[in-house]
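Novice: So that you have it, the file is coords03.cif, and it contains mmCIF, C-alpha atoms and all ligand atoms:
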data_entry
loop_
_atom_site.group_PDB
_atom_site.id
_atom_site.type_symbol
_atom_site.label_atom_id
_atom_site.label_comp_id
_atom_site.auth_asym_id
_atom_site.auth_seq_id
_atom_site.Cartn_x
_atom_site.Cartn_y
_atom_site.Cartn_z
ATOM 1 C CA MET W 1 -46.741 56.307 32.906
ATOM 2 C CA ALA W 2 -45.065 53.069 31.909
ATOM 3 C CA LEU W 3 -44.911 50.502 34.659
ATOM 4 C CA TYR W 4 -41.196 49.907 34.144
ATOM 5 C CA SER W 5 -38.473 52.433 33.392
ATOM 6 C CA GLU W 6 -36.518 52.228 30.151
ATOM 7 C CA LYS W 7 -33.496 51.162 32.173
ATOM 8 C CA VAL W 8 -35.338 48.239 33.749
ATOM 9 C CA MET W 9 -36.518 47.116 30.325
ATOM 10 C CA GLU W 10 -33.067 47.526 28.835
ATOM 11 C CA HIS W 11 -31.337 45.487 31.570
ATOM 12 C CA PHE W 12 -34.098 42.890 31.371
ATOM 13 C CA ARG W 13 -33.623 42.522 27.611
ATOM 14 C CA ASN W 14 -29.798 42.683 27.677
ATOM 15 C CA PRO W 15 -28.693 41.612 31.129
ATOM 16 C CA ARG W 16 -25.008 42.231 31.860
ATOM 17 C CA ASN W 17 -22.708 39.672 33.455
ATOM 18 C CA VAL W 18 -24.932 36.634 33.124
ATOM 19 C CA GLY W 19 -23.254 33.325 33.772
ATOM 20 C CA VAL W 20 -21.078 31.359 36.120
ATOM 21 C CA ILE W 21 -17.544 31.934 37.443
ATOM 22 C CA GLU W 22 -16.135 28.436 37.828
ATOM 23 C CA ASP W 23 -13.331 29.419 40.219
ATOM 24 C CA ALA W 24 -15.304 32.077 42.084
ATOM 25 C CA ASP W 25 -13.946 33.332 45.406
ATOM 26 C CA GLY W 26 -17.436 33.728 46.800
ATOM 27 C CA VAL W 27 -20.796 32.294 45.760
ATOM 28 C CA GLY W 28 -24.144 33.262 47.201
ATOM 29 C CA GLU W 29 -27.600 31.946 46.500
ATOM 30 C CA VAL W 30 -30.797 33.432 47.839
ATOM 31 C CA GLY W 31 -34.454 32.979 47.166
ATOM 32 C CA ASN W 32 -37.739 34.635 47.868
ATOM 33 C CA ALA W 33 -40.064 32.154 49.490
ATOM 34 C CA LYS W 34 -43.191 33.980 48.342
ATOM 35 C CA CYS W 35 -42.542 34.167 44.607
ATOM 36 C CA GLY W 36 -40.090 31.268 44.433
ATOM 37 C CA ASP W 37 -37.497 33.267 42.501
ATOM 38 C CA ILE W 38 -33.838 32.374 42.956
ATOM 39 C CA MET W 39 -30.672 34.406 42.407
ATOM 40 C CA LYS W 40 -27.093 33.187 42.453
ATOM 41 C CA MET W 41 -24.064 35.517 42.501
ATOM 42 C CA TYR W 42 -20.448 34.642 41.799
ATOM 43 C CA LEU W 43 -17.628 36.967 42.878
ATOM 44 C CA LYS W 44 -14.005 37.079 41.910
ATOM 45 C CA ILE W 45 -11.996 39.102 44.386
ATOM 46 C CA ASP W 46 -8.408 40.209 44.054
ATOM 47 C CA GLY W 47 -6.945 42.104 46.978
ATOM 48 C CA ASP W 48 -9.680 44.519 47.948
ATOM 49 C CA THR W 49 -11.360 44.700 44.570
ATOM 50 C CA VAL W 50 -14.286 42.864 43.037
ATOM 51 C CA THR W 51 -12.595 42.020 39.760
ATOM 52 C CA ASP W 52 -15.452 40.015 38.280
ATOM 53 C CA VAL W 53 -19.032 39.182 39.062
ATOM 54 C CA LYS W 54 -21.609 37.035 37.335
ATOM 55 C CA PHE W 55 -25.132 35.987 38.141
ATOM 56 C CA GLU W 56 -27.815 33.456 37.351
ATOM 57 C CA THR W 57 -31.352 34.480 38.118
ATOM 58 C CA PHE W 58 -34.381 32.270 37.823
ATOM 59 C CA GLY W 59 -36.987 34.878 38.341
ATOM 60 C CA CYS W 60 -39.055 37.781 37.189
ATOM 61 C CA GLY W 61 -37.931 40.569 34.906
ATOM 62 C CA SER W 62 -37.326 42.962 37.790
ATOM 63 C CA ALA W 63 -35.098 40.397 39.493
ATOM 64 C CA ILE W 64 -33.097 39.940 36.291
ATOM 65 C CA ALA W 65 -32.769 43.703 35.777
ATOM 66 C CA SER W 66 -31.818 44.138 39.458
ATOM 67 C CA SER W 67 -29.135 41.454 39.283
ATOM 68 C CA SER W 68 -27.741 42.941 36.104
ATOM 69 C CA MET W 69 -27.598 46.451 37.551
ATOM 70 C CA ALA W 70 -26.165 45.197 40.856
ATOM 71 C CA THR W 71 -23.294 43.463 39.052
ATOM 72 C CA GLU W 72 -22.549 46.662 37.139
ATOM 73 C CA LEU W 73 -22.532 48.653 40.367
ATOM 74 C CA ILE W 74 -19.936 46.451 42.079
ATOM 75 C CA LYS W 75 -17.731 45.240 39.236
ATOM 76 C CA GLY W 76 -14.265 46.733 39.495
ATOM 77 C CA LYS W 77 -15.195 48.418 42.784
ATOM 78 C CA PRO W 78 -13.726 47.976 46.265
ATOM 79 C CA VAL W 79 -15.161 45.097 48.267
ATOM 80 C CA ALA W 80 -16.104 47.641 50.939
ATOM 81 C CA ASP W 81 -18.438 49.325 48.423
ATOM 82 C CA ALA W 82 -20.032 46.000 47.490
ATOM 83 C CA MET W 83 -20.686 45.385 51.200
ATOM 84 C CA LYS W 84 -22.645 48.620 51.348
ATOM 85 C CA LEU W 85 -24.710 48.161 48.209
ATOM 86 C CA THR W 86 -28.380 48.401 49.117
ATOM 87 C CA ASN W 87 -31.436 47.333 47.201
ATOM 88 C CA LYS W 88 -32.495 50.979 47.198
ATOM 89 C CA ALA W 89 -29.322 51.958 45.352
ATOM 90 C CA VAL W 90 -29.984 49.195 42.819
ATOM 91 C CA ALA W 91 -33.577 50.348 42.315
ATOM 92 C CA GLU W 92 -32.494 53.980 42.010
ATOM 93 C CA ALA W 93 -29.866 53.085 39.430
ATOM 94 C CA LEU W 94 -32.670 51.431 37.464
ATOM 95 C CA ASP W 95 -34.663 54.689 37.651
ATOM 96 C CA GLY W 96 -37.058 53.048 40.060
ATOM 97 C CA LEU W 97 -39.129 49.900 40.398
ATOM 98 C CA PRO W 98 -42.843 49.656 41.095
ATOM 99 C CA ALA W 99 -43.430 49.440 44.864
ATOM 100 C CA TYR W 100 -44.667 45.859 44.670
ATOM 101 C CA LYS W 101 -41.469 44.905 42.819
ATOM 102 C CA MET W 102 -39.022 46.375 45.328
ATOM 103 C CA HIS W 103 -38.544 42.934 46.888
ATOM 104 C CA CYS W 104 -36.933 41.819 43.619
ATOM 105 C CA SER W 105 -34.106 44.305 44.181
ATOM 106 C CA VAL W 106 -33.741 42.976 47.727
ATOM 107 C CA LEU W 107 -32.722 39.633 46.230
ATOM 108 C CA ALA W 108 -29.782 41.351 44.502
ATOM 109 C CA GLU W 109 -28.581 42.929 47.741
ATOM 110 C CA GLU W 110 -28.957 39.630 49.596
ATOM 111 C CA ALA W 111 -27.235 37.595 46.890
ATOM 112 C CA ILE W 112 -24.189 39.877 46.990
ATOM 113 C CA GLN W 113 -24.161 39.798 50.795
ATOM 114 C CA SER W 114 -24.388 36.031 50.715
ATOM 115 C CA ALA W 115 -21.510 35.739 48.203
ATOM 116 C CA LEU W 116 -19.395 38.067 50.362
ATOM 117 C CA ALA W 117 -20.213 36.010 53.460
ATOM 118 C CA ASP W 118 -19.047 32.915 51.578
ATOM 119 C CA TYR W 119 -15.839 34.716 50.593
ATOM 120 C CA TYR W 120 -15.141 35.755 54.194
ATOM 121 C CA ALA W 121 -15.937 32.255 55.452
ATOM 122 C CA LYS W 122 -13.210 30.972 53.112
ATOM 123 C CA HIS W 123 -10.842 33.871 53.843
ATOM 124 C CA PRO W 124 -11.455 34.893 57.454
ATOM 125 C CA GLU W 125 -8.196 36.848 57.470
ATOM 126 C CA LYS W 126 -9.733 39.252 54.946
ATOM 127 C CA LYS W 127 -12.728 40.059 57.090
ATOM 128 C CA PRO W 128 -12.759 43.715 58.129
ATOM 129 C CA ALA W 129 -12.677 44.304 61.865
ATOM 130 C CA THR W 130 -16.115 45.303 63.115
HETATM 131 FE FE1 LIG W 201 -39.891 37.268 42.668
HETATM 132 FE FE2 LIG W 201 -39.475 39.525 41.420
HETATM 133 S S1 LIG W 201 -41.351 38.497 41.662
HETATM 134 S S2 LIG W 201 -38.073 38.375 42.596
#
Would you give me this structure, written as structure tokens?
Ligand code: FES

Specialist:
Amino acid sequence: MALYSEKVMEHFRNPRNVGVIEDADGVGEVGNAKCGDIMKMYLKIDGDTVTDVKFETFGCGSAIASSSMATELIKGKPVADAMKLTNKAVAEALDGLPAYKMHCSVLAEEAIQSALADYYAKHPEKKPAT
């Protein structure tokens, strides 16, 4: 069996939503101390919807594929859905990642969480009651 699914390879070769949003409403940057890979997410939020999302990933192929898939999963979706996006959902949408590469998908979840935290820090009135 191939190590990586076709979907992983496809998102690695043609990552979606790469880049920077200059006037982003939320920006999050996370890194994995062990491998040194870094992921940055930019969110544009209008009302309760993630209207745009872009990423920059300095990392392995699985991290790039995970970021790409994660952006596709939250773009145009309610912010509440983005809050709930897990690395498992990202990996499943990619038709799986090798076990030792699951941490790469964790970066995508954390980067989105970090960008949302930045957004709520700037717009505390938007924060859902917990
Ligand atoms: Fe570092 Fe994949 S090896 S994120």

Novice: May I ask which of the residues W:Asp52, W:Glu125, W:Glu10, W:Glu29 is the closest one to Glu110 (chain W), counting all atoms listed in the file?

Specialist: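 Checking each of W:Asp52, W:Glu125, W:Glu10, W:Glu29 against Glu110 (chain W), counting all atoms listed in the file, the winner is W:Glu29.
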
Novice: When the cut-off is 7 Å and you count only C-alpha atoms and all ligand atoms, which residues lie near ligand LIG 201 (chain W), shown as a list in words?

Specialist: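 With only C-alpha atoms and all ligand atoms and a cut-off of 7 Å, ligand LIG 201 (chain W) is contacted by Asn32, Cys35, Gly36, Asp37, Gly59, Cys60, Gly61, Ser62, Ala63, Lys101, His103, Cys104 and Leu107 of chain W.
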
Novice: Between CA of Glu72 (chain W) and CA of Pro128 (chain W), what is the distance, to one decimal in Å?

Specialist: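 Taking CA of Glu72 (chain W) and CA of Pro128 (chain W), their separation equals 23.3 Å.
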
Novice: Using all atoms listed in the file, pick whichever of W:Val18, W:Gly76, W:Thr57, W:Gly28 has the shortest atom-to-atom distance to Tyr120 (chain W).

Specialist: W:Gly28

Novice: Choose the residue, out of W:Leu43, W:Phe55, W:Ile64, W:Ala108, that has the smallest atom-to-atom separation from Lys77 (chain W); count only C-alpha atoms.

Specialist: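 Going through W:Leu43, W:Phe55, W:Ile64, W:Ala108 one by one, the smallest distance to Lys77 (chain W) is for W:Leu43.
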